[in-house]
file my_file.cif (mmCIF, C-alpha atoms and all ligand atoms)
data_work
loop_
_atom_site.label_atom_id
_atom_site.label_comp_id
_atom_site.auth_asym_id
_atom_site.auth_seq_id
_atom_site.Cartn_x
_atom_site.Cartn_y
_atom_site.Cartn_z
CA MET A 1 13.99 -11.11 -4.10
CA ILE A 2 10.73 -9.66 -5.38
CA LYS A 3 8.14 -12.43 -5.10
CA ASP A 4 4.62 -11.47 -6.07
CA VAL A 5 1.92 -8.85 -5.84
CA ASN A 6 0.88 -8.64 -2.20
CA HIS A 7 -1.91 -6.12 -2.57
CA ILE A 8 -3.41 -3.38 -4.70
CA GLY A 9 -4.17 -0.20 -2.77
CA VAL A 10 -7.42 1.56 -3.66
CA ALA A 11 -8.08 5.05 -2.30
CA VAL A 12 -11.64 5.50 -1.11
CA LYS A 13 -13.46 8.26 0.73
CA SER A 14 -15.27 5.79 2.97
CA ILE A 15 -14.57 2.10 3.63
CA GLU A 16 -18.16 1.59 4.79
CA THR A 17 -19.50 2.92 1.48
CA ALA A 18 -16.97 1.09 -0.72
CA LEU A 19 -16.90 -2.32 0.99
CA PRO A 20 -20.33 -3.69 -0.11
CA PHE A 21 -19.24 -3.57 -3.76
CA TYR A 22 -16.27 -5.85 -3.07
CA THR A 23 -17.93 -8.22 -0.60
CA GLY A 24 -21.53 -8.16 -1.86
CA THR A 25 -21.41 -7.44 -5.60
CA LEU A 26 -18.09 -9.17 -6.32
CA GLY A 27 -18.51 -11.75 -3.55
CA LEU A 28 -14.95 -11.41 -2.22
CA THR A 29 -14.06 -12.07 1.41
CA PHE A 30 -13.46 -9.26 3.87
CA GLU A 31 -10.43 -10.02 6.05
CA ALA A 32 -9.73 -7.23 8.50
CA VAL A 33 -9.81 -3.52 9.12
CA GLU A 34 -6.96 -1.66 10.81
CA ASN A 35 -5.90 1.86 11.65
CA VAL A 36 -2.35 2.57 10.44
CA GLU A 37 -1.53 5.71 12.36
CA SER A 38 1.90 6.30 10.77
CA GLN A 39 0.28 6.55 7.30
CA ARG A 40 -2.82 8.34 8.56
CA VAL A 41 -5.14 5.78 6.98
CA ARG A 42 -7.69 3.21 7.93
CA VAL A 43 -7.30 0.12 5.76
CA ALA A 44 -9.61 -2.78 4.96
CA PHE A 45 -8.20 -5.93 3.42
CA ILE A 46 -10.24 -7.98 1.00
CA LYS A 47 -8.96 -11.35 -0.14
CA ALA A 48 -8.75 -11.91 -3.91
CA GLY A 49 -7.10 -15.31 -4.42
CA ASN A 50 -3.43 -15.01 -3.50
CA CYS A 51 -3.59 -11.23 -3.66
CA LYS A 52 -5.47 -8.65 -1.64
CA ILE A 53 -7.27 -5.41 -2.27
CA GLU A 54 -6.42 -2.81 0.34
CA LEU A 55 -9.08 -0.11 0.68
CA LEU A 56 -7.45 3.07 2.01
CA GLU A 57 -9.55 5.66 3.79
CA PRO A 58 -7.73 8.82 4.91
CA THR A 59 -7.91 9.68 8.61
CA SER A 60 -6.40 13.14 8.19
CA PRO A 61 -6.91 15.81 5.49
CA ASP A 62 -3.15 16.28 4.93
CA SER A 63 -2.39 12.54 4.55
CA PRO A 64 -1.05 11.13 1.26
CA VAL A 65 -4.34 9.35 0.53
CA ALA A 66 -6.47 12.46 1.25
CA LYS A 67 -4.25 14.50 -1.09
CA PHE A 68 -4.50 11.78 -3.74
CA ILE A 69 -8.33 11.73 -3.60
CA GLU A 70 -8.46 15.53 -3.71
CA LYS A 71 -6.24 15.64 -6.83
CA ARG A 72 -7.32 12.53 -8.71
CA GLY A 73 -10.49 11.20 -7.08
CA GLU A 74 -10.95 7.66 -5.77
CA GLY A 75 -9.05 4.92 -7.58
CA ILE A 76 -5.98 2.70 -7.71
CA HIS A 77 -3.37 4.25 -5.43
CA HIS A 78 -0.47 1.79 -5.31
CA VAL A 79 0.80 -1.68 -6.13
CA ALA A 80 2.50 -3.55 -3.29
CA LEU A 81 5.13 -6.17 -4.12
CA SER A 82 6.15 -8.83 -1.60
CA VAL A 83 9.88 -8.86 -1.02
CA ASP A 84 12.40 -10.78 1.05
CA ASN A 85 14.88 -8.72 2.99
CA ILE A 86 13.38 -5.30 2.40
CA GLU A 87 16.43 -3.28 3.52
CA ASP A 88 18.54 -5.01 0.82
CA ARG A 89 15.85 -4.33 -1.80
CA ILE A 90 15.77 -0.62 -0.84
CA GLN A 91 19.59 -0.36 -1.05
CA ASP A 92 19.56 -2.18 -4.39
CA MET A 93 17.07 0.39 -5.78
CA ILE A 94 19.07 3.33 -4.41
CA GLU A 95 22.26 1.93 -5.98
CA LYS A 96 20.38 1.68 -9.28
CA GLY A 97 19.51 5.38 -9.04
CA ILE A 98 15.83 4.84 -8.22
CA GLN A 99 14.20 7.51 -6.06
CA MET A 100 12.85 5.85 -2.92
CA ILE A 101 10.41 7.80 -0.71
CA ASP A 102 11.59 5.66 2.20
CA SER A 103 15.30 4.96 2.55
CA THR A 104 14.57 2.52 5.38
CA SER A 105 11.40 0.53 5.97
CA ARG A 106 8.46 1.65 8.11
CA LYS A 107 5.71 -0.35 9.82
CA GLY A 108 2.62 -0.91 7.73
CA ALA A 109 -0.60 -2.86 8.12
CA GLY A 110 -0.38 -6.18 9.94
CA GLY A 111 3.06 -5.27 11.28
CA ALA A 112 4.66 -5.65 7.83
CA ASN A 113 7.77 -3.65 6.96
CA ILE A 114 7.01 -1.37 4.04
CA ALA A 115 8.81 1.17 1.83
CA PHE A 116 7.55 3.28 -1.07
CA MET A 117 9.23 4.12 -4.37
CA HIS A 118 8.45 7.51 -5.91
CA PRO A 119 5.88 7.20 -8.74
CA LYS A 120 8.15 9.30 -10.99
CA ALA A 121 10.67 6.41 -10.87
CA SER A 122 8.17 3.77 -11.90
CA ASN A 123 6.11 5.04 -14.81
CA GLY A 124 3.62 6.94 -12.69
CA VAL A 125 2.80 4.00 -10.41
CA LEU A 126 3.37 4.29 -6.67
CA VAL A 127 5.12 1.00 -5.76
CA GLU A 128 5.26 -0.35 -2.21
CA PHE A 129 7.74 -2.99 -1.09
CA CYS A 130 6.19 -5.15 1.58
CA GLU A 131 7.99 -7.63 3.83
CA LYS A 132 5.65 -9.66 5.95
CA ALA A 133 6.01 -9.69 9.70
CA ALA A 134 7.56 -12.92 10.94
CA LYS A 135 4.26 -14.04 12.52
CA GLN A 136 2.13 -13.56 9.40
CA HIS A 137 1.57 -16.57 7.19
CA ASP A 138 2.02 -16.46 3.44
CA ASN A 139 -1.19 -14.78 2.39
C1 LIG V 1 -1.00 0.94 5.23
C2 LIG V 1 0.10 0.75 4.23
C3 LIG V 1 0.28 -0.74 3.93
O1 LIG V 1 0.00 -1.25 2.84
O2 LIG V 1 0.72 -1.44 4.90
C4 LIG V 1 -0.14 1.58 2.96
O3 LIG V 1 -0.27 1.13 1.86
S1 LIG V 1 -0.20 3.26 3.27
C5 LIG V 1 -0.57 4.05 1.74
C6 LIG V 1 -0.52 5.54 1.90
N1 LIG V 1 0.85 5.98 2.09
C7 LIG V 1 1.59 6.52 1.10
O4 LIG V 1 1.15 6.71 -0.03
C8 LIG V 1 3.01 6.92 1.48
C9 LIG V 1 3.87 7.23 0.29
N2 LIG V 1 3.35 8.35 -0.48
C10 LIG V 1 3.89 9.59 -0.40
O5 LIG V 1 4.88 9.80 0.33
C11 LIG V 1 3.27 10.68 -1.22
O6 LIG V 1 1.90 10.40 -1.44
C12 LIG V 1 3.99 10.93 -2.58
C13 LIG V 1 3.86 9.75 -3.52
C14 LIG V 1 5.47 11.29 -2.35
C15 LIG V 1 3.30 12.14 -3.22
O7 LIG V 1 3.26 13.17 -2.28
P1 LIG V 1 3.41 14.70 -2.68
O8 LIG V 1 3.27 15.53 -1.45
O9 LIG V 1 4.63 14.87 -3.52
O10 LIG V 1 2.09 14.87 -3.47
P2 LIG V 1 1.80 15.49 -4.85
O11 LIG V 1 0.32 15.43 -4.94
O12 LIG V 1 2.50 16.81 -4.99
O13 LIG V 1 2.42 14.44 -5.85
C16 LIG V 1 3.61 14.58 -6.60
C17 LIG V 1 3.40 13.87 -7.92
O14 LIG V 1 3.17 12.46 -7.67
C18 LIG V 1 1.90 12.07 -8.18
N3 LIG V 1 1.30 11.09 -7.28
C19 LIG V 1 0.95 11.29 -6.00
N4 LIG V 1 0.43 10.18 -5.48
C20 LIG V 1 0.46 9.25 -6.46
C21 LIG V 1 0.05 7.89 -6.56
N5 LIG V 1 -0.49 7.27 -5.52
N6 LIG V 1 0.23 7.23 -7.72
C22 LIG V 1 0.78 7.86 -8.79
N7 LIG V 1 1.19 9.16 -8.77
C23 LIG V 1 1.01 9.84 -7.63
C24 LIG V 1 1.09 13.35 -8.23
O15 LIG V 1 0.05 13.25 -9.17
C25 LIG V 1 2.15 14.34 -8.64
O16 LIG V 1 2.40 14.26 -10.01
P3 LIG V 1 2.55 15.54 -10.94
O17 LIG V 1 3.80 16.21 -10.43
O18 LIG V 1 2.70 14.97 -12.31
O19 LIG V 1 1.29 16.33 -10.71
CO CO V 2 -0.33 -0.73 0.88
#
call {"tool": "encode", "arguments": {"input": "my_file.cif", "output": "structure tokens"}}
result
Amino acid sequence: MIKDVNHIGVAVKSIETALPFYTGTLGLTFEAVENVESQRVRVAFIKAGNCKIELLEPTSPDSPVAKFIEKRGEGIHHVALSVDNIEDRIQDMIEKGIQMIDSTSRKGAGGANIAFMHPKASNGVLVEFCEKAAKQHDN
């Protein structure tokens, strides 16, 4: 089942430069920063009620986020939806003819299982399915 919006990914050139706007100007709470090697990004999570903003800073020039910034500049990169049973959700999409970038889940930030849908399949929006690691609590 698709439950709610887990986070909004925002591509930034530098977390250090971008963070003060979210924490200082907007007054939101910084949660954690983490290197996600498999995606070649450093991420910072900022709590916004029940949702999060995920700042994505590329750690390699050929990473998806670096390519995105080069083509489109900084900005909203993806919408992550919380799901139960991610492998079933992926299969369901594939059966419905939706182009998934990941046909099985990968490890994302905080040990979550994640999978991306191609933006061409979802009106130009990169959608991430996100299944929380067993240890994580709800938000
Ligand atoms: C840490 C983790 C977590 O939350 O736990 C994360 O979020 S990691 C977040 C970072 N990881 C990822 O994004 C992994 C999944 N993404 C990818 O595999 C890639 O970025 C693709 C989405 C397949 C695009 O790669 P590709 O090499 O095809 O690049 P490309 O520049 O040629 O893009 C092909 C077409 O997709 C569009 N496109 C590219 N990135 C897009 C995005 N974020 N949102 C909407 N459209 C996008 C391009 O403008 C282009 O459209 P036109 O053809 O019209 O010009
Ligand atoms: Co994400």
call {"tool": "residues_near_ligand", "arguments": {"input": "my_file.cif", "ligand": "ligand LIG 1 (chain V)", "cutoff": "6 Å", "atoms": "only C-alpha atoms and all ligand atoms", "output": "mmCIF file with C-alpha atoms, in the coordinates of the input"}}
result
data_model
loop_
_atom_site.group_PDB
_atom_site.id
_atom_site.type_symbol
_atom_site.label_atom_id
_atom_site.label_comp_id
_atom_site.auth_asym_id
_atom_site.auth_seq_id
_atom_site.Cartn_x
_atom_site.Cartn_y
_atom_site.Cartn_z
ATOM 1 C CA VAL A 36 -2.350 2.570 10.440
ATOM 2 C CA GLN A 39 0.280 6.550 7.300
ATOM 3 C CA PRO A 64 -1.050 11.130 1.260
ATOM 4 C CA VAL A 65 -4.340 9.350 0.530
ATOM 5 C CA PHE A 68 -4.500 11.780 -3.740
ATOM 6 C CA HIS A 77 -3.370 4.250 -5.430
ATOM 7 C CA HIS A 78 -0.470 1.790 -5.310
ATOM 8 C CA ILE A 101 10.410 7.800 -0.710
ATOM 9 C CA GLY A 108 2.620 -0.910 7.730
ATOM 10 C CA ALA A 109 -0.600 -2.860 8.120
ATOM 11 C CA PHE A 116 7.550 3.280 -1.070
ATOM 12 C CA HIS A 118 8.450 7.510 -5.910
ATOM 13 C CA PRO A 119 5.880 7.200 -8.740
ATOM 14 C CA GLY A 124 3.620 6.940 -12.690
ATOM 15 C CA VAL A 125 2.800 4.000 -10.410
ATOM 16 C CA LEU A 126 3.370 4.290 -6.670
#
call {"tool": "closest_residue", "arguments": {"input": "my_file.cif", "among": "A:Leu28, A:Lys107, A:Ser14, A:Cys130", "to": "Ile90 in chain A", "atoms": "all atoms listed in the file"}}
result
A:Cys130
call {"tool": "closest_atom_pairs", "arguments": {"input": "my_file.cif", "of": "chain A", "to": "ligand CO 2 (chain V)", "cutoff": "9 Å", "atoms": "only C-alpha atoms and all ligand atoms", "output": "JSON lines"}}
result
{"residue": "A:Asn6", "atom": "CA", "partner": "V:CO2", "partner_atom": "CO", "distance": 8.6}
{"residue": "A:His7", "atom": "CA", "partner": "V:CO2", "partner_atom": "CO", "distance": 6.6}
{"residue": "A:Ile8", "atom": "CA", "partner": "V:CO2", "partner_atom": "CO", "distance": 6.9}
{"residue": "A:Gly9", "atom": "CA", "partner": "V:CO2", "partner_atom": "CO", "distance": 5.3}
{"residue": "A:Val10", "atom": "CA", "partner": "V:CO2", "partner_atom": "CO", "distance": 8.7}
{"residue": "A:Val43", "atom": "CA", "partner": "V:CO2", "partner_atom": "CO", "distance": 8.6}
{"residue": "A:Ile53", "atom": "CA", "partner": "V:CO2", "partner_atom": "CO", "distance": 8.9}
{"residue": "A:Glu54", "atom": "CA", "partner": "V:CO2", "partner_atom": "CO", "distance": 6.5}
{"residue": "A:Leu55", "atom": "CA", "partner": "V:CO2", "partner_atom": "CO", "distance": 8.8}
{"residue": "A:Leu56", "atom": "CA", "partner": "V:CO2", "partner_atom": "CO", "distance": 8.1}
{"residue": "A:His77", "atom": "CA", "partner": "V:CO2", "partner_atom": "CO", "distance": 8.6}
{"residue": "A:His78", "atom": "CA", "partner": "V:CO2", "partner_atom": "CO", "distance": 6.7}
{"residue": "A:Val79", "atom": "CA", "partner": "V:CO2", "partner_atom": "CO", "distance": 7.2}
{"residue": "A:Ala80", "atom": "CA", "partner": "V:CO2", "partner_atom": "CO", "distance": 5.8}
{"residue": "A:Gly108", "atom": "CA", "partner": "V:CO2", "partner_atom": "CO", "distance": 7.5}
{"residue": "A:Ala109", "atom": "CA", "partner": "V:CO2", "partner_atom": "CO", "distance": 7.6}
{"residue": "A:Ile114", "atom": "CA", "partner": "V:CO2", "partner_atom": "CO", "distance": 8.0}
{"residue": "A:Val127", "atom": "CA", "partner": "V:CO2", "partner_atom": "CO", "distance": 8.8}
{"residue": "A:Glu128", "atom": "CA", "partner": "V:CO2", "partner_atom": "CO", "distance": 6.4}
{"residue": "A:Phe129", "atom": "CA", "partner": "V:CO2", "partner_atom": "CO", "distance": 8.6}
{"residue": "A:Cys130", "atom": "CA", "partner": "V:CO2", "partner_atom": "CO", "distance": 7.9}
call {"tool": "atom_distance", "arguments": {"input": "my_file.cif", "atom1": "CA of Ile98 in chain A", "atom2": "CA of Glu131 in chain A"}}
result
19.0 Å
call {"tool": "closest_residue", "arguments": {"input": "my_file.cif", "among": "A:Thr104, A:Gln99, A:Ser82, A:Thr29", "to": "Lys132 in chain A", "atoms": "only C-alpha atoms"}}
result
A:Ser82
call {"tool": "residues_around", "arguments": {"input": "my_file.cif", "residues": "Gly27 in chain A", "least_positions_apart": "6", "cutoff": "10 Å", "atoms": "all atoms listed in the file", "output": "ChimeraX atom specification"}}
result
/A:20-21,48
call {"tool": "residues_around", "arguments": {"input": "my_file.cif", "residues": "Arg89 in chain A", "least_positions_apart": "2", "cutoff": "12 Å", "atoms": "all atoms listed in the file", "output": "ChimeraX atom specification"}}
result
/A:1-3,81-87,91-96,98,100,102-105,113-117,128-131
call {"tool": "axis_aligned_box", "arguments": {"input": "my_file.cif", "around": "range 23-26 of chain A", "padding_each_side": "5 Å", "output": "AutoDock Vina command-line options"}}
result
--center_x -19.7 --center_y -8.3 --center_z -3.5 --size_x 13.6 --size_y 11.7 --size_z 15.7
call {"tool": "atom_distance", "arguments": {"input": "my_file.cif", "atom1": "CA of Pro58 in chain A", "atom2": "CA of Thr17 in chain A"}}
result
13.6 Å
call {"tool": "closest_residue", "arguments": {"input": "my_file.cif", "among": "A:Ala32, A:Leu19, A:Val41, A:Ala134", "to": "Ala66 in chain A", "atoms": "only C-alpha atoms"}}
result
A:Val41
call {"tool": "closest_residue", "arguments": {"input": "my_file.cif", "among": "A:Thr23, A:Asn50, A:Thr59, A:Asn123", "to": "Glu37 in chain A", "atoms": "all atoms listed in the file"}}
result
A:Thr59
call {"tool": "atom_distance", "arguments": {"input": "my_file.cif", "atom1": "CA of Tyr22 in chain A", "atom2": "CA of Phe45 in chain A"}}
result
10.4 Å
call {"tool": "closest_residue", "arguments": {"input": "my_file.cif", "among": "A:Thr25, A:Asn35, A:Ser60, A:Ser122", "to": "Gly110 in chain A", "atoms": "all atoms listed in the file"}}
result
A:Asn35
call {"tool": "closest_residue", "arguments": {"input": "my_file.cif", "among": "A:Arg42, A:Lys52, A:Lys47, A:Arg72", "to": "Glu16 in chain A", "atoms": "all atoms listed in the file"}}
result
A:Arg42
call {"tool": "build_atoms", "arguments": {"input": "my_file.cif", "residues": "range 89-108 of chain A", "atoms": "N, CA and C atoms", "output": "mmCIF file, in the frame of the given file"}}
result
data_model
loop_
_atom_site.group_PDB
_atom_site.id
_atom_site.type_symbol
_atom_site.label_atom_id
_atom_site.label_comp_id
_atom_site.auth_asym_id
_atom_site.auth_seq_id
_atom_site.Cartn_x
_atom_site.Cartn_y
_atom_site.Cartn_z
ATOM 1 N N ARG A 89 16.573 -4.748 -0.574
ATOM 2 C CA ARG A 89 15.850 -4.330 -1.800
ATOM 3 C C ARG A 89 15.913 -2.795 -1.926
ATOM 4 N N ILE A 90 15.725 -2.094 -0.805
ATOM 5 C CA ILE A 90 15.770 -0.620 -0.840
ATOM 6 C C ILE A 90 17.161 -0.166 -1.281
ATOM 7 N N GLN A 91 18.214 -0.745 -0.691
ATOM 8 C CA GLN A 91 19.590 -0.360 -1.050
ATOM 9 C C GLN A 91 19.870 -0.647 -2.517
ATOM 10 N N ASP A 92 19.376 -1.793 -2.988
ATOM 11 C CA ASP A 92 19.560 -2.180 -4.390
ATOM 12 C C ASP A 92 18.949 -1.106 -5.301
ATOM 13 N N MET A 93 17.732 -0.638 -4.971
ATOM 14 C CA MET A 93 17.070 0.390 -5.780
ATOM 15 C C MET A 93 17.865 1.692 -5.747
ATOM 16 N N ILE A 94 18.314 2.075 -4.548
ATOM 17 C CA ILE A 94 19.070 3.330 -4.410
ATOM 18 C C ILE A 94 20.353 3.259 -5.236
ATOM 19 N N GLU A 95 21.030 2.105 -5.175
ATOM 20 C CA GLU A 95 22.260 1.930 -5.980
ATOM 21 C C GLU A 95 21.976 2.005 -7.472
ATOM 22 N N LYS A 96 20.761 1.625 -7.861
ATOM 23 C CA LYS A 96 20.380 1.680 -9.280
ATOM 24 C C LYS A 96 19.847 3.051 -9.669
ATOM 25 N N GLY A 97 19.905 4.004 -8.729
ATOM 26 C CA GLY A 97 19.510 5.380 -9.040
ATOM 27 C C GLY A 97 18.012 5.627 -8.965
ATOM 28 N N ILE A 98 17.293 4.710 -8.343
ATOM 29 C CA ILE A 98 15.830 4.840 -8.220
ATOM 30 C C ILE A 98 15.508 5.706 -6.994
ATOM 31 N N GLN A 99 14.586 6.643 -7.186
ATOM 32 C CA GLN A 99 14.200 7.510 -6.060
ATOM 33 C C GLN A 99 13.228 6.786 -5.140
ATOM 34 N N MET A 100 13.713 6.471 -3.933
ATOM 35 C CA MET A 100 12.850 5.850 -2.920
ATOM 36 C C MET A 100 12.276 6.958 -2.031
ATOM 37 N N ILE A 101 11.000 6.868 -1.690
ATOM 38 C CA ILE A 101 10.410 7.800 -0.710
ATOM 39 C C ILE A 101 10.955 7.446 0.671
ATOM 40 N N ASP A 102 11.069 6.145 0.921
ATOM 41 C CA ASP A 102 11.590 5.660 2.200
ATOM 42 C C ASP A 102 12.956 5.024 1.994
ATOM 43 N N SER A 103 13.965 5.558 2.689
ATOM 44 C CA SER A 103 15.300 4.960 2.550
ATOM 45 C C SER A 103 15.529 3.840 3.557
ATOM 46 N N THR A 104 14.634 3.719 4.522
ATOM 47 C CA THR A 104 14.570 2.520 5.380
ATOM 48 C C THR A 104 13.095 2.184 5.543
ATOM 49 N N SER A 105 12.801 0.941 5.926
ATOM 50 C CA SER A 105 11.400 0.530 5.970
ATOM 51 C C SER A 105 10.674 1.135 7.163
ATOM 52 N N ARG A 106 9.343 1.202 7.023
ATOM 53 C CA ARG A 106 8.460 1.650 8.110
ATOM 54 C C ARG A 106 7.464 0.534 8.392
ATOM 55 N N LYS A 107 6.733 0.656 9.488
ATOM 56 C CA LYS A 107 5.710 -0.350 9.820
ATOM 57 C C LYS A 107 4.415 -0.039 9.090
ATOM 58 N N GLY A 108 3.902 -1.058 8.418
ATOM 59 C CA GLY A 108 2.620 -0.910 7.730
ATOM 60 C C GLY A 108 1.557 -1.781 8.366
#
